[in-house]
Amino acid sequence: MIYDQSNAEFTFQYAAWLISTGSLDNGLTYMNKTLTLDEGYFDRVMTVMIASGLDNADLEKAIPDLPGPAIEYASFLSSTGHTEDAVIKYMDTLDLIDTFKHQTVFDQTRHLRKVRSLYLKIYQFFKAHNDLKNAMEVMERAEKTLPMDARIKVALGDLYYQQGILYKAKDKYDHALLLEPGNRRALAMMKKIN
């Protein structure tokens, strides 16, 4: 840690040691830093903190304001029976995605795919819980952020179809086919509607 604080493994090991010695605030700060450096450490970070007997308020302190770790934490909340807290966290994450989308990156195409996957993870949570209102809000924001993404258009079309608003569903599928003429889902749903 003295020589390299940019290595997630070092910050993670140091954070775990701090928590084990009772230095909770410093430990949570370094757990946060670990997830900022590499969100792939989420499961390990949560395991150490849960094994240490920390409550949800402490766990949340270790979650950085980044969409990846925030979505993972919302998923954790849902899986542990805190569905209402998970819904709030997922909805709060939408603002983080908006900020994340505007980051300057080397590979813009890859970055936009990551942004789309973040929106789709949140959408899938709400769709699985049959919460169409929040699912619609997520996908409308996704469409505003990524207006030229066929998968977003198809997901919106599916939501409209599920609600029986066929003319809007057809419009979204048409738009998806303009962007990606071979999109199988859009083609199949257009045949179903027609």
# chains A, B, ... in the order shown; residues from 1 in each chain; ligands from 1

call {"tool": "residues_around", "arguments": {"residues": "Val48 in chain A", "least_positions_apart": "6", "cutoff": "10 Å", "atoms": "only C-alpha atoms", "output": "list in words"}}
result
Phe12, Ala15, Ala16, Trp17, Ile19, Ser20, Met31 and Leu54 of chain A

call {"tool": "residues_around", "arguments": {"residues": "range 74-88 of chain A", "least_positions_apart": "6", "cutoff": "9 Å", "atoms": "only C-alpha atoms", "output": "PDB file with N, CA, C and O atoms, in the first residue's frame"}}
result
ATOM      1  N   ASN A  56     -26.296  -3.330   6.541  1.00  0.00           N
ATOM      2  CA  ASN A  56     -26.478  -2.748   5.209  1.00  0.00           C
ATOM      3  C   ASN A  56     -26.010  -1.301   5.123  1.00  0.00           C
ATOM      4  O   ASN A  56     -25.521  -0.860   4.087  1.00  0.00           O
ATOM      5  N   PHE A 125     -34.411  -6.535 -14.195  1.00  0.00           N
ATOM      6  CA  PHE A 125     -34.877  -6.660 -12.810  1.00  0.00           C
ATOM      7  C   PHE A 125     -36.350  -6.267 -12.720  1.00  0.00           C
ATOM      8  O   PHE A 125     -37.164  -6.998 -12.157  1.00  0.00           O
ATOM      9  N   PHE A 126     -36.692  -5.105 -13.270  1.00  0.00           N
ATOM     10  CA  PHE A 126     -38.077  -4.636 -13.175  1.00  0.00           C
ATOM     11  C   PHE A 126     -39.028  -5.519 -13.978  1.00  0.00           C
ATOM     12  O   PHE A 126     -40.140  -5.788 -13.542  1.00  0.00           O
ATOM     13  N   ASN A 134     -41.705   1.118 -13.827  1.00  0.00           N
ATOM     14  CA  ASN A 134     -40.275   1.397 -13.700  1.00  0.00           C
ATOM     15  C   ASN A 134     -39.488   0.860 -14.891  1.00  0.00           C
ATOM     16  O   ASN A 134     -38.510   1.474 -15.319  1.00  0.00           O
TER      17      ASN A 134
END

call {"tool": "closest_residue", "arguments": {"among": "A:Val115, A:Gly157, A:Thr104, A:Ile165", "to": "Met189 in chain A", "atoms": "only C-alpha atoms"}}
result
A:Gly157

call {"tool": "closest_residue", "arguments": {"among": "A:Ala62, A:Met46, A:Met1, A:Ile122", "to": "Leu24 in chain A", "atoms": "only C-alpha atoms"}}
result
A:Ala62

call {"tool": "closest_residue", "arguments": {"among": "A:Met148, A:Leu166, A:Leu94, A:Leu59", "to": "Thr47 in chain A", "atoms": "only C-alpha atoms"}}
result
A:Leu59
